[in-house]
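Participant: You'll find target32.cif just under this line, and it carries mmCIF, C-alpha atoms.
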```cif
data_my_file
loop_
_atom_site.label_atom_id
_atom_site.label_comp_id
_atom_site.auth_asym_id
_atom_site.auth_seq_id
_atom_site.Cartn_x
_atom_site.Cartn_y
_atom_site.Cartn_z
CA MET A 1248 0.00 0.00 0.00
CA ASP A 1249 1.36 3.42 -1.01
CA LEU A 1250 2.50 5.40 2.05
CA ALA A 1251 1.66 8.68 0.30
CA LEU A 1252 -1.94 7.54 -0.05
CA LEU A 1253 -2.03 6.56 3.63
CA ARG A 1254 -0.61 9.93 4.66
CA THR A 1255 -3.28 11.73 2.67
CA PHE A 1256 -5.97 9.46 4.14
CA VAL A 1257 -4.87 10.10 7.75
CA THR A 1258 -4.74 13.85 7.12
CA VAL A 1259 -8.27 13.84 5.69
CA HIS A 1260 -9.47 11.69 8.60
CA ARG A 1261 -8.08 14.19 11.11
CA ALA A 1262 -9.12 17.30 9.18
CA GLY A 1263 -12.64 16.11 8.39
CA SER A 1264 -12.42 17.87 5.06
CA PHE A 1265 -10.70 17.35 1.69
CA THR A 1266 -10.20 21.12 1.42
CA ARG A 1267 -8.50 21.49 4.80
CA ALA A 1268 -6.40 18.37 4.24
CA ALA A 1269 -5.26 19.74 0.88
CA ALA A 1270 -4.07 22.95 2.58
CA LEU A 1271 -2.16 20.95 5.22
CA LEU A 1272 -0.53 18.71 2.61
CA GLY A 1273 0.24 21.45 0.10
CA LEU A 1274 -1.85 19.70 -2.55
CA SER A 1275 -4.86 20.68 -4.62
CA GLN A 1276 -8.26 19.45 -3.53
CA PRO A 1277 -8.70 17.38 -6.72
CA ALA A 1278 -5.36 15.68 -6.01
CA VAL A 1279 -6.48 14.77 -2.48
CA THR A 1280 -9.83 13.50 -3.79
CA SER A 1281 -8.07 11.42 -6.43
CA GLN A 1282 -5.71 9.86 -3.87
CA ILE A 1283 -8.56 8.91 -1.55
CA ARG A 1284 -10.50 7.35 -4.44
CA THR A 1285 -7.39 5.38 -5.44
CA LEU A 1286 -7.00 4.06 -1.91
CA GLU A 1287 -10.70 3.16 -1.74
CA ARG A 1288 -10.38 1.24 -5.01
CA GLN A 1289 -7.36 -0.64 -3.69
CA LEU A 1290 -9.20 -1.60 -0.50
CA GLY A 1291 -12.53 -2.21 -2.18
CA ARG A 1292 -14.29 -0.28 0.59
CA PRO A 1293 -15.46 3.33 1.02
CA LEU A 1294 -13.42 5.22 3.62
CA PHE A 1295 -15.47 8.41 3.88
CA LEU A 1296 -19.06 9.52 3.51
CA ARG A 1297 -19.22 12.78 1.57
CA GLN A 1298 -21.39 15.45 3.19
CA ALA A 1299 -22.26 19.07 2.47
CA ARG A 1300 -19.71 20.27 5.01
CA GLY A 1301 -16.72 17.94 4.90
CA VAL A 1302 -16.55 14.18 5.22
CA THR A 1303 -17.30 11.56 7.89
CA PRO A 1304 -15.21 8.38 8.11
CA THR A 1305 -16.89 5.04 7.65
CA THR A 1306 -16.32 2.24 10.14
CA VAL A 1307 -13.60 0.89 7.84
CA GLY A 1308 -12.07 4.36 7.63
CA ASP A 1309 -11.96 4.72 11.41
CA GLU A 1310 -10.37 1.28 11.76
CA LEU A 1311 -7.70 2.04 9.15
CA ALA A 1312 -6.89 5.39 10.74
CA HIS A 1313 -6.56 3.77 14.17
CA LYS A 1314 -4.08 1.24 12.77
CA ALA A 1315 -2.11 3.48 10.40
CA ALA A 1316 -1.85 6.85 12.17
CA PRO A 1317 0.63 5.88 14.95
CA HIS A 1318 3.03 4.36 12.41
CA LEU A 1319 2.82 7.36 10.09
CA ASP A 1320 3.43 9.67 13.04
CA ALA A 1321 6.53 7.63 13.93
CA LEU A 1322 7.81 8.01 10.37
CA VAL A 1323 7.25 11.76 10.58
CA GLU A 1324 9.29 11.82 13.79
CA ILE A 1325 12.16 10.01 12.06
CA ALA A 1326 12.00 12.41 9.12
CA GLU A 1327 11.91 15.46 11.39
CA THR A 1328 14.60 14.27 13.77
CA GLY A 1329 16.95 12.73 11.25
CA LEU A 1330 19.79 10.38 12.08
CA ASP A 1331 22.30 13.08 12.96
CA ASP A 1332 22.12 14.62 16.44
CA ASP A 1333 23.93 17.69 15.08
CA SER A 1334 21.12 18.55 12.68
CA SER A 1335 20.23 22.19 12.10
CA LEU A 1336 18.19 24.18 14.57
CA ARG A 1337 14.46 23.57 14.20
CA THR A 1338 11.86 26.32 14.35
CA LEU A 1339 8.76 26.28 16.55
CA HIS A 1340 5.84 28.41 15.40
CA LEU A 1341 3.67 29.47 18.35
CA ALA A 1342 0.38 31.36 18.27
CA GLY A 1343 -1.88 32.69 20.99
CA PRO A 1344 -3.56 35.72 22.57
CA PRO A 1345 -1.08 38.62 22.71
CA GLU A 1346 -1.10 39.34 26.44
CA PHE A 1347 -0.95 35.79 27.76
CA THR A 1348 1.58 34.73 25.13
CA ALA A 1349 3.81 37.72 25.84
CA GLU A 1350 3.55 37.64 29.63
CA ARG A 1351 3.47 33.90 30.24
CA ALA A 1352 4.32 31.60 27.33
CA LEU A 1353 7.20 33.40 25.64
CA PRO A 1354 9.26 34.00 28.81
CA ALA A 1355 8.90 30.30 29.62
CA LEU A 1356 9.80 29.06 26.15
CA THR A 1357 12.79 31.34 25.63
CA GLU A 1358 14.56 29.28 28.29
CA LEU A 1359 14.62 26.46 25.72
CA THR A 1360 15.83 28.43 22.70
CA GLY A 1361 19.46 28.56 23.77
CA GLU A 1362 19.96 25.00 25.00
CA ASP A 1363 22.95 23.36 23.30
CA GLY A 1364 21.90 20.61 20.94
CA GLN A 1365 18.29 20.59 22.13
CA GLY A 1366 17.08 24.14 21.60
CA PHE A 1367 14.96 25.56 18.81
CA ALA A 1368 14.29 28.81 17.03
CA LEU A 1369 11.03 30.44 18.06
CA ARG A 1370 8.53 32.41 15.99
CA ALA A 1371 5.37 33.82 17.60
CA SER A 1372 2.19 35.36 16.25
CA PHE A 1373 -0.83 36.82 18.01
CA GLY A 1374 -4.54 36.44 17.36
CA ASN A 1375 -7.90 35.67 18.87
CA ALA A 1376 -9.04 32.08 19.49
CA GLU A 1377 -10.73 31.67 16.11
CA GLU A 1378 -7.78 33.03 14.13
CA THR A 1379 -5.29 31.00 16.15
CA LEU A 1380 -7.09 27.67 15.73
CA GLU A 1381 -7.71 28.26 12.03
CA GLY A 1382 -4.02 29.01 11.53
CA LEU A 1383 -3.02 25.91 13.45
CA ALA A 1384 -5.40 23.73 11.44
CA ALA A 1385 -4.03 25.18 8.20
CA GLY A 1386 -0.46 24.36 9.23
CA HIS A 1387 0.71 27.94 9.80
CA HIS A 1388 1.54 27.22 13.48
CA ASP A 1389 2.94 24.23 15.35
CA LEU A 1390 1.50 24.98 18.74
CA ALA A 1391 -1.33 27.24 19.88
CA ILE A 1392 -2.69 28.65 23.11
CA SER A 1393 -6.42 29.23 22.94
CA THR A 1394 -9.30 30.19 25.22
CA ALA A 1395 -11.60 27.95 23.14
CA ARG A 1396 -11.46 24.16 23.04
CA PRO A 1397 -11.41 23.01 19.40
CA ARG A 1398 -13.82 20.43 18.05
CA GLY A 1399 -13.09 17.52 15.76
CA ALA A 1400 -10.19 15.12 15.43
CA LEU A 1401 -7.76 17.42 13.61
CA LEU A 1402 -6.73 19.37 16.72
CA SER A 1403 -5.95 17.99 20.18
CA ALA A 1404 -6.33 20.24 23.23
CA THR A 1405 -5.18 19.97 26.84
CA PRO A 1406 -6.25 22.42 29.60
CA LEU A 1407 -3.21 24.51 30.47
CA CYS A 1408 -4.31 26.81 33.30
CA ASP A 1409 -7.16 29.01 34.55
CA GLU A 1410 -6.99 32.77 34.86
CA GLU A 1411 -8.98 34.68 37.47
CA HIS A 1412 -10.68 37.89 36.38
CA VAL A 1413 -10.61 40.95 38.62
CA LEU A 1414 -12.76 44.10 38.48
CA VAL A 1415 -10.36 47.04 38.90
CA ALA A 1416 -10.17 50.82 38.67
CA ALA A 1417 -7.88 53.63 39.79
CA PRO A 1418 -8.06 54.50 43.52
CA ARG A 1419 -9.95 57.72 42.79
CA TRP A 1420 -13.06 55.67 41.95
CA THR A 1421 -13.12 53.97 45.36
CA ASP A 1422 -14.87 56.76 47.24
CA GLN A 1423 -18.00 56.38 49.36
CA ARG A 1424 -20.12 55.88 46.26
CA VAL A 1425 -18.43 52.55 45.53
CA ILE A 1426 -16.78 51.04 48.60
CA GLY A 1427 -18.70 47.96 49.67
CA LYS A 1428 -21.67 48.71 47.43
CA PRO A 1429 -21.12 46.16 44.62
CA ARG A 1430 -21.48 43.38 47.19
CA CYS A 1431 -24.80 44.66 48.54
CA LEU A 1432 -26.25 46.58 45.58
CA GLY A 1433 -24.77 44.58 42.71
CA ALA A 1434 -23.95 46.08 39.32
CA HIS A 1435 -26.09 49.20 39.98
CA ALA A 1436 -23.36 50.55 42.25
CA LEU A 1437 -20.96 50.65 39.29
CA GLU A 1438 -23.15 52.20 36.60
CA HIS A 1439 -21.67 55.69 37.00
CA ILE A 1440 -18.09 54.51 36.26
CA PRO A 1441 -16.88 54.54 32.62
CA VAL A 1442 -15.88 51.19 31.11
CA ILE A 1443 -12.58 50.30 29.44
CA GLU A 1444 -12.57 47.24 27.17
CA VAL A 1445 -10.83 45.47 24.30
CA HIS A 1446 -13.90 45.39 22.01
CA GLU A 1447 -17.24 47.14 21.57
CA SER A 1448 -19.02 43.93 22.61
CA LEU A 1449 -17.46 44.24 26.11
CA PRO A 1450 -16.36 40.58 26.28
CA PHE A 1451 -14.58 40.75 29.66
CA VAL A 1452 -17.07 43.01 31.41
CA SER A 1453 -20.05 41.07 30.03
CA ARG A 1454 -18.59 37.76 31.22
CA TYR A 1455 -17.91 39.22 34.68
CA TRP A 1456 -21.39 40.78 34.97
CA ALA A 1457 -23.07 37.53 33.91
CA SER A 1458 -21.01 35.41 36.30
CA VAL A 1459 -21.01 37.67 39.36
CA PHE A 1460 -24.12 39.85 39.06
CA ASP A 1461 -26.30 37.63 36.84
CA ALA A 1462 -26.91 40.67 34.67
CA ARG A 1463 -25.76 42.46 31.53
CA PRO A 1464 -23.71 45.68 31.64
CA ALA A 1465 -25.99 48.69 31.46
CA THR A 1466 -23.41 50.84 29.69
CA HIS A 1467 -21.22 51.00 26.60
CA GLY A 1468 -17.46 51.13 26.43
CA THR A 1469 -15.95 54.56 26.98
CA VAL A 1470 -12.42 53.53 26.00
CA ILE A 1471 -11.88 50.63 23.57
CA VAL A 1472 -8.31 49.40 23.01
CA PRO A 1473 -7.51 45.95 21.55
CA ASP A 1474 -4.88 44.96 24.11
CA LEU A 1475 -5.38 44.16 27.79
CA ARG A 1476 -2.08 45.80 28.69
CA ALA A 1477 -3.39 49.05 27.23
CA VAL A 1478 -6.65 48.51 29.13
CA LEU A 1479 -4.65 48.26 32.36
CA ALA A 1480 -2.73 51.45 31.55
CA CYS A 1481 -5.96 53.34 30.91
CA ALA A 1482 -7.50 52.01 34.13
CA ALA A 1483 -4.44 53.06 36.14
CA ALA A 1484 -4.69 56.51 34.56
CA GLY A 1485 -8.23 56.84 35.91
CA ALA A 1486 -10.24 56.35 32.70
CA GLY A 1487 -12.71 53.97 34.35
CA LEU A 1488 -13.21 50.37 35.41
CA ALA A 1489 -11.91 47.27 33.66
CA VAL A 1490 -12.03 43.51 34.06
CA LEU A 1491 -8.53 42.05 33.81
CA PRO A 1492 -6.75 38.73 34.36
CA ARG A 1493 -5.17 38.72 37.82
CA TYR A 1494 -1.75 37.73 36.46
CA LEU A 1495 -1.75 40.87 34.32
CA CYS A 1496 -2.78 43.35 37.01
CA ALA A 1497 -1.25 41.71 40.12
CA ALA A 1498 1.76 44.04 40.20
CA ALA A 1499 -0.42 47.12 39.65
CA LEU A 1500 -2.71 46.00 42.50
CA GLU A 1501 0.28 45.54 44.79
CA ARG A 1502 1.64 49.00 43.93
CA GLY A 1503 -1.77 50.58 44.39
CA ASP A 1504 -1.99 51.81 40.79
CA VAL A 1505 -5.39 50.12 40.65
CA VAL A 1506 -7.65 48.61 43.30
CA ALA A 1507 -10.20 45.82 43.19
CA LEU A 1508 -13.74 47.23 43.18
CA HIS A 1509 -15.32 43.90 44.09
CA ASP A 1510 -14.33 40.70 45.83
CA PRO A 1511 -16.82 38.01 44.77
CA ALA A 1512 -16.99 34.75 46.69
CA VAL A 1513 -16.39 32.86 43.43
CA PRO A 1514 -14.35 34.92 40.96
CA PRO A 1515 -14.90 34.36 37.22
CA LEU A 1516 -12.35 32.08 35.59
CA ARG A 1517 -11.29 31.48 32.01
CA THR A 1518 -9.43 28.38 30.86
CA TYR A 1519 -6.48 28.36 28.46
CA PHE A 1520 -5.91 25.30 26.28
CA LEU A 1521 -2.67 24.08 24.74
CA VAL A 1522 -3.50 22.89 21.22
CA VAL A 1523 -1.62 20.93 18.55
CA ARG A 1524 -2.55 19.18 15.34
CA THR A 1525 -3.17 15.54 16.18
CA GLY A 1526 -0.03 13.48 15.69
CA THR A 1527 2.46 16.36 15.69
CA LEU A 1528 3.65 15.71 19.24
CA ALA A 1529 5.87 13.15 17.58
CA MET A 1530 8.02 16.09 16.48
CA PRO A 1531 10.66 16.75 19.15
CA GLN A 1532 10.57 20.56 19.22
CA ILE A 1533 6.77 20.58 19.54
CA ALA A 1534 6.82 17.88 22.24
CA ARG A 1535 9.46 19.71 24.29
CA ALA A 1536 7.64 23.04 24.11
CA TYR A 1537 4.34 21.35 24.94
CA GLU A 1538 5.77 19.63 28.01
CA TRP A 1539 7.68 22.72 29.12
CA LEU A 1540 4.60 24.95 29.00
CA GLN A 1541 2.59 22.41 30.99
CA ARG A 1542 5.32 22.35 33.61
CA ALA A 1543 5.55 26.14 33.75
CA ALA A 1544 1.76 26.49 33.99
CA ALA A 1545 1.79 24.70 37.35
CA ASP A 1546 3.17 27.94 38.82
CA TRP A 1547 0.70 30.19 36.96
CA CYS A 1548 -2.49 28.92 38.58
#
```
Just give me the structure as structure tokens.
Facilitator:
Amino acid sequence: MDLALLRTFVTVHRAGSFTRAAALLGLSQPAVTSQIRTLERQLGRPLFLRQARGVTPTTVGDELAHKAAPHLDALVEIAETGLDDDSSLRTLHLAGPPEFTAERALPALTELTGEDGQGFALRASFGNAEETLEGLAAGHHDLAISTARPRGALLSATPLCDEEHVLVAAPRWTDQRVIGKPRCLGAHALEHIPVIEVHESLPFVSRYWASVFDARPATHGTVIVPDLRAVLACAAAGAGLAVLPRYLCAAALERGDVVALHDPAVPPLRTYFLVVRTGTLAMPQIARAYEWLQRAAADWC
């Protein structure tokens, strides 16, 4: 059986789509379709059921993927690693949300870039969860950090850590109009304070209001900046309230640049996931970065 046909089959099985598999393999969609039809003719069995949006493996297709994928992944590892320990430096392409990637992931991973004989070159890109997962699925990234768990067999996700969200503002907003009132009066005690956010839809504030106050924000954003570090700077300057990850504002809270306006019994949390394309953990640079980030995340929670 032709290994090239098996490789295409496993990629389609994981991608759930001829189009997405073609992008991952660097082939045209007709070429992928032709290879799958050739393999089906050789086996005398259909491997996929064609649907309006992608394909679904048949029972035979699932069985073949279960048997073939581990061996193909092992061959990829051999090809990537090579037989010479002195092979050239490999590059890891990482993607994730800008603030978390910059503040958490990159400082952890740069410890690996200079290791003799085992290090790798590092390239990072930023984006939201949808952009990051689409780029990973298309083969533009090797490893992704996402706040959304992907669906399907193409991508594999592992919870990395949780971040706690904190409602903060500059000290000048903590006068008698606010102190203690969010706990007893709820969101109404905060309606007079301007809101700083990363998007017009108020994703962080809306999530906090829904979780803590069981309500929607009654205001619009006064300052909108697409970076949480800029949101923190505006909050410290007195522009209004903001909802921020604790890791990002912990130092500012300790210095007194901002203060917590509310201390809920159960603070809102958001989970980060470490995501790879299924099978690529066979590649040494991806496996090392994956394991290293999991180890580092134990100190982030």
Participant: With distances taken over only C-alpha atoms, which of A:Ala1486, A:Arg1396, A:Glu1444, A:Glu1438 is nearest to Pro1464 in chain A?
Facilitator: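 For Pro1464 in chain A, the nearest of the candidates is A:Glu1438.
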Participant: Excluding same-chain residues fewer than 4 positions from Leu1521 in chain A, what lies within 6 Å of it counting all atoms listed in the file, as JSON, numbers by chain?
Facilitator: {"A": [1391, 1392, 1404, 1405, 1407]}
Participant: What box, with edges along x, y and z, holds each listed atom of range 1287-1292 of chain A when 8 Å is added on every side, and can you state its centre and edge lengths in Å to one decimal, as AutoDock Vina command-line options?
Facilitator:
```
--center_x -10.8 --center_y 0.5 --center_z -2.2 --size_x 22.9 --size_y 21.4 --size_z 21.6
```
Participant: Excluding same-chain residues fewer than 5 positions from Leu1475 in chain A, what lies within 8 Å of it counting all atoms listed in the file, as a list in words?
Facilitator: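 Returned residues: Glu1346, Glu1444, Val1445 and Leu1491 of chain A.
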Participant: I'd like the interatomic distance between CA of Lys1314 in chain A and CA of Leu1383 in chain A, to a tenth of an Å.
Facilitator: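 The value is 24.7 Å.
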Participant: Using all atoms listed in the file, which of A:Ala1278, A:Ala1536, A:Leu1500, A:Ile1283 sits nearest His1260 in chain A?
Facilitator: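 That would be A:Ile1283, the residue with the smallest distance to His1260 in chain A.
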Participant: List the spatial neighbours of Asp1320 in chain A as a PyMOL selection string - criterion: any atom at most 12 Å away, only C-alpha atoms, same-chain residues fewer than 2 positions off excluded.
Facilitator: chain A and resi 1250+1253-1254+1257-1258+1312-1318+1322-1327+1524-1531
Participant: Here's the selection I'm unsure about, the PyMOL selection byres ((chain A and resi 1492) around 8); applied to the file above, which residues does it give, as a compact mmCIF listing (two decimals) with C-alpha atoms, in the frame of the given file?
Facilitator:
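Output file part-v9.txt follows:
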```
# COMPACT_ATOMS: atom_id res chain seq x y z
CA GLU A 1410 -6.99 32.77 34.86
CA GLU A 1411 -8.98 34.68 37.47
CA HIS A 1412 -10.68 37.89 36.38
CA VAL A 1413 -10.61 40.95 38.62
CA VAL A 1490 -12.03 43.51 34.06
CA LEU A 1491 -8.53 42.05 33.81
CA ARG A 1493 -5.17 38.72 37.82
CA TYR A 1494 -1.75 37.73 36.46
CA LEU A 1495 -1.75 40.87 34.32
CA CYS A 1496 -2.78 43.35 37.01
```
Participant: Quick one, how far is CA of Leu1369 in chain A from CA of His1340 in chain A?
Facilitator: 6.2 Å
Participant: Give me, as a ChimeraX atom specification, all polymer residues having an atom no more than 12 Å from Phe1265 in chain A, counting only C-alpha atoms and skipping those fewer than 2 positions away in the same chain.
Facilitator: /A:1255-1263,1267-1284,1295-1304
Participant: Which polymer residues, whether protein, DNA or RNA, lie within 8 Å of the coordinate (0.7, 36.7, 15.8) when you count only C-alpha atoms? List them as a PDB file with C-alpha atoms, in the coordinates of the input, using the chain letters and numbers from the file.
Facilitator:
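Saved as part-v4.pdb:
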```
ATOM      1  CA  ALA A1342       0.380  31.360  18.270  1.00  0.00           C
ATOM      2  CA  GLY A1343      -1.880  32.690  20.990  1.00  0.00           C
ATOM      3  CA  PRO A1345      -1.080  38.620  22.710  1.00  0.00           C
ATOM      4  CA  ALA A1371       5.370  33.820  17.600  1.00  0.00           C
ATOM      5  CA  SER A1372       2.190  35.360  16.250  1.00  0.00           C
ATOM      6  CA  PHE A1373      -0.830  36.820  18.010  1.00  0.00           C
ATOM      7  CA  GLY A1374      -4.540  36.440  17.360  1.00  0.00           C
TER       8      GLY A1374
END
```
Participant: What lies within 12 Å of Ala1545 in chain A using all atoms listed in the file, ignoring chain neighbours under 5 positions off, as a list in words?
Facilitator: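 The neighbour list is Arg1351, Ala1355, Pro1406, Leu1407, Cys1408, Asp1409, Glu1538, Trp1539 and Leu1540 of chain A.
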Participant: Report as a list of chain:residue names the residues that result from applying the PyMOL selection byres ((chain A and resi 1448) around 12) to the structure here.
Facilitator: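 Selected by the PyMOL selection byres ((chain A and resi 1448) around 12) in this file: A:Val1442, A:Ile1443, A:Glu1444, A:Val1445, A:His1446, A:Glu1447, A:Leu1449, A:Pro1450, A:Phe1451, A:Val1452, A:Ser1453, A:Arg1454, A:Arg1463, A:Pro1464, A:Thr1466, A:His1467, A:Gly1468, A:Thr1469, A:Ile1471, A:Pro1473.
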Participant: Counting only C-alpha atoms, which residue out of A:Asp1389, A:Asp1510, A:Asp1504, A:Glu1350 sits closest to Arg1337 in chain A?
Facilitator: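 The shortest atom-to-atom distance to Arg1337 in chain A comes from A:Asp1389.
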Participant: Can you measure CA of Ser1393 in chain A to CA of Leu1341 in chain A for me? One decimal in Å is fine.
Facilitator: 11.1 Å
Participant: Would you please work out which residue, of A:Leu1290, A:Thr1357, A:Asp1249, A:Arg1370, is nearest to Leu1319 in chain A when using all atoms listed in the file?
Facilitator: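 Once distances to Leu1319 in chain A are computed over all atoms listed in the file, the minimum belongs to A:Asp1249.
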Participant: Pick the closest to Leu1380 in chain A from A:Val1523, A:Ala1321, A:Leu1356, A:Leu1294: which is it, counting only C-alpha atoms?
Facilitator: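 Looking only at the distances to Leu1380 in chain A, the closest residue turns out to be A:Val1523.
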Participant: Counting only C-alpha atoms, which residue out of A:Val1513, A:Pro1418, A:Ala1543, A:Glu1381 sits closest to Leu1401 in chain A?
Facilitator: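 The closest residue to Leu1401 in chain A is A:Glu1381.
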